[in-house]
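Participant: input_28.cif is reproduced in full below (mmCIF, C-alpha atoms).
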data_input
loop_
_atom_site.group_PDB
_atom_site.id
_atom_site.type_symbol
_atom_site.label_atom_id
_atom_site.label_comp_id
_atom_site.auth_asym_id
_atom_site.auth_seq_id
_atom_site.Cartn_x
_atom_site.Cartn_y
_atom_site.Cartn_z
ATOM 1 C CA MET L 273 -13.018 10.839 5.004
ATOM 2 C CA VAL L 274 -9.966 10.395 2.771
ATOM 3 C CA SER L 275 -8.994 14.039 3.241
ATOM 4 C CA GLU L 276 -8.697 13.265 6.961
ATOM 5 C CA LEU L 277 -6.055 10.666 6.163
ATOM 6 C CA LYS L 278 -3.227 13.183 5.985
ATOM 7 C CA ILE L 279 0.430 12.462 6.479
ATOM 8 C CA GLU L 280 2.620 15.208 7.778
ATOM 9 C CA ALA L 281 4.727 15.808 4.666
ATOM 10 C CA ALA L 282 7.392 17.752 6.492
ATOM 11 C CA THR L 283 8.160 15.011 8.999
ATOM 12 C CA GLY L 284 7.001 11.943 7.145
ATOM 13 C CA GLU L 285 5.055 10.950 10.267
ATOM 14 C CA HIS L 286 1.674 9.330 10.144
ATOM 15 C CA ASP L 287 -1.586 10.736 11.368
ATOM 16 C CA GLU L 288 -2.117 11.018 15.110
ATOM 17 C CA GLU L 289 -5.246 8.895 15.387
ATOM 18 C CA ARG L 290 -4.444 5.233 15.689
ATOM 19 C CA ALA L 291 -6.563 2.315 14.674
ATOM 20 C CA PRO L 292 -7.640 -0.198 17.312
ATOM 21 C CA GLY L 293 -7.483 -3.979 17.653
ATOM 22 C CA LYS L 294 -5.252 -5.901 15.235
ATOM 23 C CA GLY L 295 -4.017 -2.618 13.929
ATOM 24 C CA ARG L 296 -3.429 -1.219 17.426
ATOM 25 C CA GLY L 297 -0.852 1.545 17.280
ATOM 26 C CA LEU L 298 -0.972 1.823 13.506
ATOM 27 C CA GLY L 299 -1.806 5.030 11.694
ATOM 28 C CA LYS L 300 -4.863 4.887 9.471
ATOM 29 C CA ARG L 301 -2.836 4.847 6.272
ATOM 30 C CA ARG L 302 -0.512 2.096 7.463
ATOM 31 C CA LEU L 303 -3.510 0.032 8.513
ATOM 32 C CA ALA L 304 -5.113 0.782 5.142
ATOM 33 C CA ARG L 305 -1.974 -0.409 3.323
ATOM 34 C CA GLU L 306 -1.964 -3.636 5.336
ATOM 35 C CA MET L 307 -5.625 -4.180 4.508
ATOM 36 C CA ALA L 308 -4.987 -3.370 0.839
ATOM 37 C CA LEU L 309 -2.085 -5.818 0.672
ATOM 38 C CA GLN L 310 -4.233 -8.562 2.172
ATOM 39 C CA MET L 311 -7.026 -7.799 -0.297
ATOM 40 C CA LEU L 312 -4.684 -7.764 -3.306
ATOM 41 C CA TYR L 313 -3.133 -11.042 -2.164
ATOM 42 C CA GLN L 314 -6.548 -12.662 -1.665
ATOM 43 C CA GLN L 315 -7.795 -11.381 -4.995
ATOM 44 C CA GLU L 316 -4.757 -12.606 -6.904
ATOM 45 C CA LEU L 317 -4.277 -16.001 -5.303
ATOM 46 C CA GLY L 318 -7.953 -16.806 -4.934
ATOM 47 C CA ALA L 319 -8.913 -15.423 -8.343
ATOM 48 C CA THR L 320 -11.710 -13.716 -6.442
ATOM 49 C CA ALA L 321 -13.717 -10.795 -7.798
ATOM 50 C CA LEU L 322 -12.837 -7.506 -6.096
ATOM 51 C CA GLU L 323 -16.377 -6.890 -4.852
ATOM 52 C CA GLU L 324 -16.358 -10.303 -3.201
ATOM 53 C CA VAL L 325 -13.003 -9.518 -1.568
ATOM 54 C CA PHE L 326 -14.351 -6.214 -0.227
ATOM 55 C CA ASP L 327 -17.620 -7.768 0.963
ATOM 56 C CA SER L 328 -15.881 -10.630 2.747
ATOM 57 C CA TYR L 329 -13.167 -8.554 4.434
ATOM 58 C CA ASP L 330 -13.396 -8.978 8.209
ATOM 59 C CA LEU L 331 -13.386 -5.538 9.796
ATOM 60 C CA ASP L 332 -14.451 -7.017 13.133
ATOM 61 C CA GLY L 333 -10.913 -8.352 13.499
ATOM 62 C CA TYR L 334 -9.769 -4.755 13.797
ATOM 63 C CA ALA L 335 -12.148 -3.869 16.611
ATOM 64 C CA ASP L 336 -10.659 -3.315 20.039
ATOM 65 C CA GLU L 337 -10.154 -6.831 21.403
ATOM 66 C CA ASP L 338 -10.481 -5.574 25.012
ATOM 67 C CA ASP L 339 -13.934 -4.165 24.416
ATOM 68 C CA ALA L 340 -16.737 -6.171 22.809
ATOM 69 C CA GLU L 341 -18.471 -2.909 21.996
ATOM 70 C CA ALA L 342 -15.663 -1.022 20.289
ATOM 71 C CA PRO L 343 -15.998 2.716 20.817
ATOM 72 C CA PRO L 344 -17.523 4.535 17.843
ATOM 73 C CA ARG L 345 -14.196 6.341 17.250
ATOM 74 C CA HIS L 346 -12.407 3.004 16.798
ATOM 75 C CA ARG L 347 -15.038 1.764 14.390
ATOM 76 C CA ARG L 348 -14.796 5.050 12.467
ATOM 77 C CA LEU L 349 -10.995 4.809 12.226
ATOM 78 C CA THR L 350 -11.200 1.225 11.027
ATOM 79 C CA GLN L 351 -13.883 2.126 8.489
ATOM 80 C CA GLU L 352 -11.817 5.074 7.212
ATOM 81 C CA ALA L 353 -8.780 2.810 6.856
ATOM 82 C CA PHE L 354 -10.930 0.272 4.990
ATOM 83 C CA SER L 355 -12.253 2.995 2.653
ATOM 84 C CA TYR L 356 -8.722 4.117 1.836
ATOM 85 C CA ALA L 357 -7.606 0.479 1.401
ATOM 86 C CA ARG L 358 -10.448 -0.087 -1.026
ATOM 87 C CA ARG L 359 -9.421 3.010 -2.994
ATOM 88 C CA LEU L 360 -5.818 1.725 -3.145
ATOM 89 C CA VAL L 361 -6.904 -1.735 -4.297
ATOM 90 C CA GLU L 362 -9.275 -0.386 -6.939
ATOM 91 C CA GLY L 363 -6.623 2.012 -8.243
ATOM 92 C CA THR L 364 -3.928 -0.657 -8.243
ATOM 93 C CA ARG L 365 -6.162 -2.999 -10.233
ATOM 94 C CA GLN L 366 -7.416 -0.257 -12.564
ATOM 95 C CA HIS L 367 -3.844 0.697 -13.511
ATOM 96 C CA GLY L 368 -2.510 -2.844 -13.196
ATOM 97 C CA SER L 369 -1.066 -3.277 -16.678
ATOM 98 C CA ASP L 370 0.851 0.035 -16.525
ATOM 99 C CA ILE L 371 2.076 -0.732 -12.993
ATOM 100 C CA ASP L 372 3.225 -4.225 -13.967
ATOM 101 C CA ALA L 373 4.989 -2.868 -17.060
ATOM 102 C CA LEU L 374 6.887 -0.347 -14.929
ATOM 103 C CA ILE L 375 7.879 -3.005 -12.387
ATOM 104 C CA ARG L 376 9.035 -5.319 -15.196
ATOM 105 C CA ARG L 377 11.131 -2.519 -16.670
ATOM 106 C CA TYR L 378 13.081 -2.011 -13.440
ATOM 107 C CA ALA L 379 13.136 -5.588 -12.115
ATOM 108 C CA GLU L 380 16.502 -6.691 -13.429
ATOM 109 C CA ASN L 381 16.865 -10.472 -13.502
ATOM 110 C CA TRP L 382 13.366 -10.930 -12.089
ATOM 111 C CA ARG L 383 10.220 -11.897 -13.943
ATOM 112 C CA LEU L 384 7.135 -10.441 -12.291
ATOM 113 C CA GLU L 385 5.429 -13.831 -12.337
ATOM 114 C CA ARG L 386 8.341 -15.397 -10.427
ATOM 115 C CA MET L 387 8.363 -12.824 -7.629
ATOM 116 C CA PRO L 388 6.821 -13.939 -4.344
ATOM 117 C CA PRO L 389 3.142 -12.896 -4.390
ATOM 118 C CA ILE L 390 3.523 -10.746 -1.255
ATOM 119 C CA ASP L 391 6.474 -8.820 -2.715
ATOM 120 C CA ARG L 392 4.756 -8.448 -6.082
ATOM 121 C CA ASN L 393 1.617 -6.991 -4.481
ATOM 122 C CA ILE L 394 3.580 -4.690 -2.177
ATOM 123 C CA LEU L 395 5.377 -3.350 -5.252
ATOM 124 C CA ARG L 396 2.124 -2.898 -7.153
ATOM 125 C CA LEU L 397 0.554 -1.052 -4.244
ATOM 126 C CA ALA L 398 3.580 1.226 -3.782
ATOM 127 C CA VAL L 399 3.904 1.998 -7.495
ATOM 128 C CA TYR L 400 0.208 2.860 -7.652
ATOM 129 C CA GLU L 401 0.630 5.250 -4.730
ATOM 130 C CA MET L 402 3.777 6.818 -6.215
ATOM 131 C CA LEU L 403 2.020 7.487 -9.515
ATOM 132 C CA HIS L 404 -1.502 8.360 -8.380
ATOM 133 C CA GLU L 405 -1.567 9.473 -4.738
ATOM 134 C CA GLN L 406 0.161 12.823 -5.042
ATOM 135 C CA SER L 407 -0.614 13.874 -1.448
ATOM 136 C CA VAL L 408 1.746 11.227 -0.057
ATOM 137 C CA PRO L 409 5.496 11.900 -0.280
ATOM 138 C CA LYS L 410 7.267 9.234 -2.326
ATOM 139 C CA VAL L 411 9.831 8.628 0.412
ATOM 140 C CA VAL L 412 6.968 7.797 2.811
ATOM 141 C CA ILE L 413 5.474 5.386 0.266
ATOM 142 C CA VAL L 414 8.808 3.586 -0.120
ATOM 143 C CA ASP L 415 9.309 3.429 3.648
ATOM 144 C CA GLU L 416 5.811 2.027 4.145
ATOM 145 C CA ALA L 417 6.373 -0.573 1.412
ATOM 146 C CA ILE L 418 9.618 -1.680 3.083
ATOM 147 C CA GLU L 419 7.808 -2.015 6.421
ATOM 148 C CA LEU L 420 5.069 -4.108 4.786
ATOM 149 C CA ALA L 421 7.716 -6.311 3.178
ATOM 150 C CA LYS L 422 9.502 -6.820 6.493
ATOM 151 C CA LYS L 423 6.241 -7.656 8.259
ATOM 152 C CA PHE L 424 4.597 -9.894 5.657
ATOM 153 C CA GLY L 425 7.372 -10.991 3.319
ATOM 154 C CA ALA L 426 10.391 -13.253 3.509
ATOM 155 C CA GLU L 427 13.706 -12.430 5.176
ATOM 156 C CA ASN L 428 15.082 -10.456 2.216
ATOM 157 C CA SER L 429 11.793 -8.917 1.061
ATOM 158 C CA GLY L 430 12.509 -5.518 2.628
ATOM 159 C CA ARG L 431 15.792 -5.168 0.743
ATOM 160 C CA PHE L 432 14.263 -6.440 -2.495
ATOM 161 C CA VAL L 433 11.319 -4.008 -2.330
ATOM 162 C CA ASN L 434 13.616 -1.138 -1.326
ATOM 163 C CA GLY L 435 16.018 -1.768 -4.203
ATOM 164 C CA LEU L 436 13.333 -2.056 -6.839
ATOM 165 C CA LEU L 437 11.331 0.971 -5.672
ATOM 166 C CA ASP L 438 14.517 3.021 -5.391
ATOM 167 C CA GLY L 439 15.362 2.104 -8.984
ATOM 168 C CA ILE L 440 11.880 3.124 -10.118
ATOM 169 C CA LEU L 441 12.108 6.448 -8.252
ATOM 170 C CA GLN L 442 15.527 7.215 -9.717
ATOM 171 C CA GLY L 443 14.415 6.195 -13.188
ATOM 172 C CA GLN L 444 11.248 8.279 -12.971
ATOM 173 C CA GLY L 445 13.322 11.230 -11.750
ATOM 174 C CA ARG L 446 15.721 10.922 -14.687
ATOM 175 C CA GLU L 447 12.821 10.683 -17.139
ATOM 176 C CA ALA L 448 11.135 13.749 -15.635
ATOM 177 C CA SER L 449 14.420 15.712 -15.822
ATOM 178 C CA ALA L 450 14.946 14.706 -19.431
ATOM 179 C CA ALA L 451 11.384 15.655 -20.339
ATOM 180 C CA SER L 452 11.631 19.056 -18.664
ATOM 181 C CA SER L 453 14.965 19.847 -20.337
ATOM 182 C CA GLU L 454 13.494 18.951 -23.755
ATOM 183 C CA GLY L 455 10.474 21.212 -23.250
#
Let's see the structure in the file written out as C-alpha cells.

Facilitator:
Amino acid sequence: MVSELKIEAATGEHDEERAPGKGRGLGKRRLAREMALQMLYQQELGATALEEVFDSYDLDGYADEDDAEAPPRHRRLTQEAFSYARRLVEGTRQHGSDIDALIRRYAENWRLERMPPIDRNILRLAVYEMLHEQSVPKVVIVDEAIELAKKFGAENSGRFVNGLLDGILQGQGREASAASSEG
C-alpha cells in the first residue's frame, strides 16, 4: 500500500515499478501527483465535491493501451497511485487554509487568486507534501512540483513554482533555526 510507495532518499530516485498506460514510465508517486493535480484542478474549477471527483476519476485511462486486459500488476500499480493521489488531495484540502496562508506569505507581488489555477494547485500539493509527508525528501518534492509545472503549466510555470517553493523552504529553514536557538 502506501508504505510500498517509497522513494530512495539517498538518490532522490523514484520507485522501480512503473505505472502503465497514460502514465507509462512514471513512478507510482509521480503518477499519483499527476492524478492529484488533475483532481485538485477539477475540484476547484468545477466546484465539485471531493467524493464526486474521486468517484468520477477515470482509472481506465491509465491501463496499458496495448492490452485490453491490463495485467493485474498494472492495475495494482495504478490503484496504488490513485490511493496515494487521493491521500494527497484529501490532505491538501484538509490543510487548505494553512497551505494558502503560507503560499500567500511567500508569494511576493502575487495574489493567490490571480495565480494560474494549475500553478496554484501544484504549489498547494507541494506545500502539503513538504509539511505533512515526512517520508519524502523536500528536494524531491520541489523537483516533482517543477516537473508538474513544466508538463501542465505555462512556459514560465516551472521557474515560478521553483522560486516560490525555494523561498518557502528557505523561510521554513530560517524559522526552524530560530526556534531551535531560542529553545

Participant: Please enumerate the residues selected by the PyMOL selection byres ((chain L and resi 439-441) around 9) when evaluated against the supplied file, formatted as a list in words.

Facilitator: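 With the shown file as input, the PyMOL selection byres ((chain L and resi 439-441) around 9) matches Leu374, Ile375, Arg377, Tyr378, Ala379, Val399, Met402, Lys410, Asn434, Gly435, Leu436, Leu437, Asp438, Gln442, Gly443, Gln444, Gly445 and Arg446 of chain L.
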
Participant: I'd like the residues picked by the PyMOL selection byres ((chain L and resi 420) around 10) written out as a list in words, using the chain letters and numbers from the file.

Facilitator: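 When the PyMOL selection byres ((chain L and resi 420) around 10) is applied to the shown file, the picked residues are Arg302, Arg305, Glu306, Leu309, Ile390, Asp391, Ile394, Val414, Asp415, Glu416, Ala417, Ile418, Glu419, Ala421, Lys422, Lys423, Phe424, Gly425, Ser429, Gly430 and Val433 of chain L.
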
Participant: Report the distance between atom CA of L:Asn428 and atom CA of L:Ser407 in Å, rounded to one decimal place.

Facilitator: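 Going from atom CA of L:Asn428 over to atom CA of L:Ser407, I get 29.2 Å.
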
Participant: Which residues would end up in the selection if the PyMOL selection byres ((chain L and resi 358-366) around 9) were applied here, given that I need the answer as a PyMOL selection string?

Facilitator: chain L and resi 304-305+307-309+311-312+322+326+353-357+367-369+371+396-401+404-405

Participant: State, in Å with one decimal place, the distance from atom CA of L:Gly299 to atom CA of L:Leu395.

Facilitator: 20.2 Å

Participant: In Å, rounded to a single decimal, give me how far atom CA of L:Trp382 is from atom CA of L:Tyr313.

Facilitator: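 Computing the Euclidean distance for atom CA of L:Tyr313 and atom CA of L:Trp382 yields 19.3 Å.
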
Participant: With 6 Å of padding per side, what axis-aligned box (centre and edge lengths, Å, one decimal) covers all the listed atoms of stretch 300-311 of chain L? Give it as lines of an AutoDock Vina configuration file.

Facilitator:
center_x = -3.8
center_y = -1.8
center_z = 4.6
size_x = 18.5
size_y = 25.4
size_z = 21.8
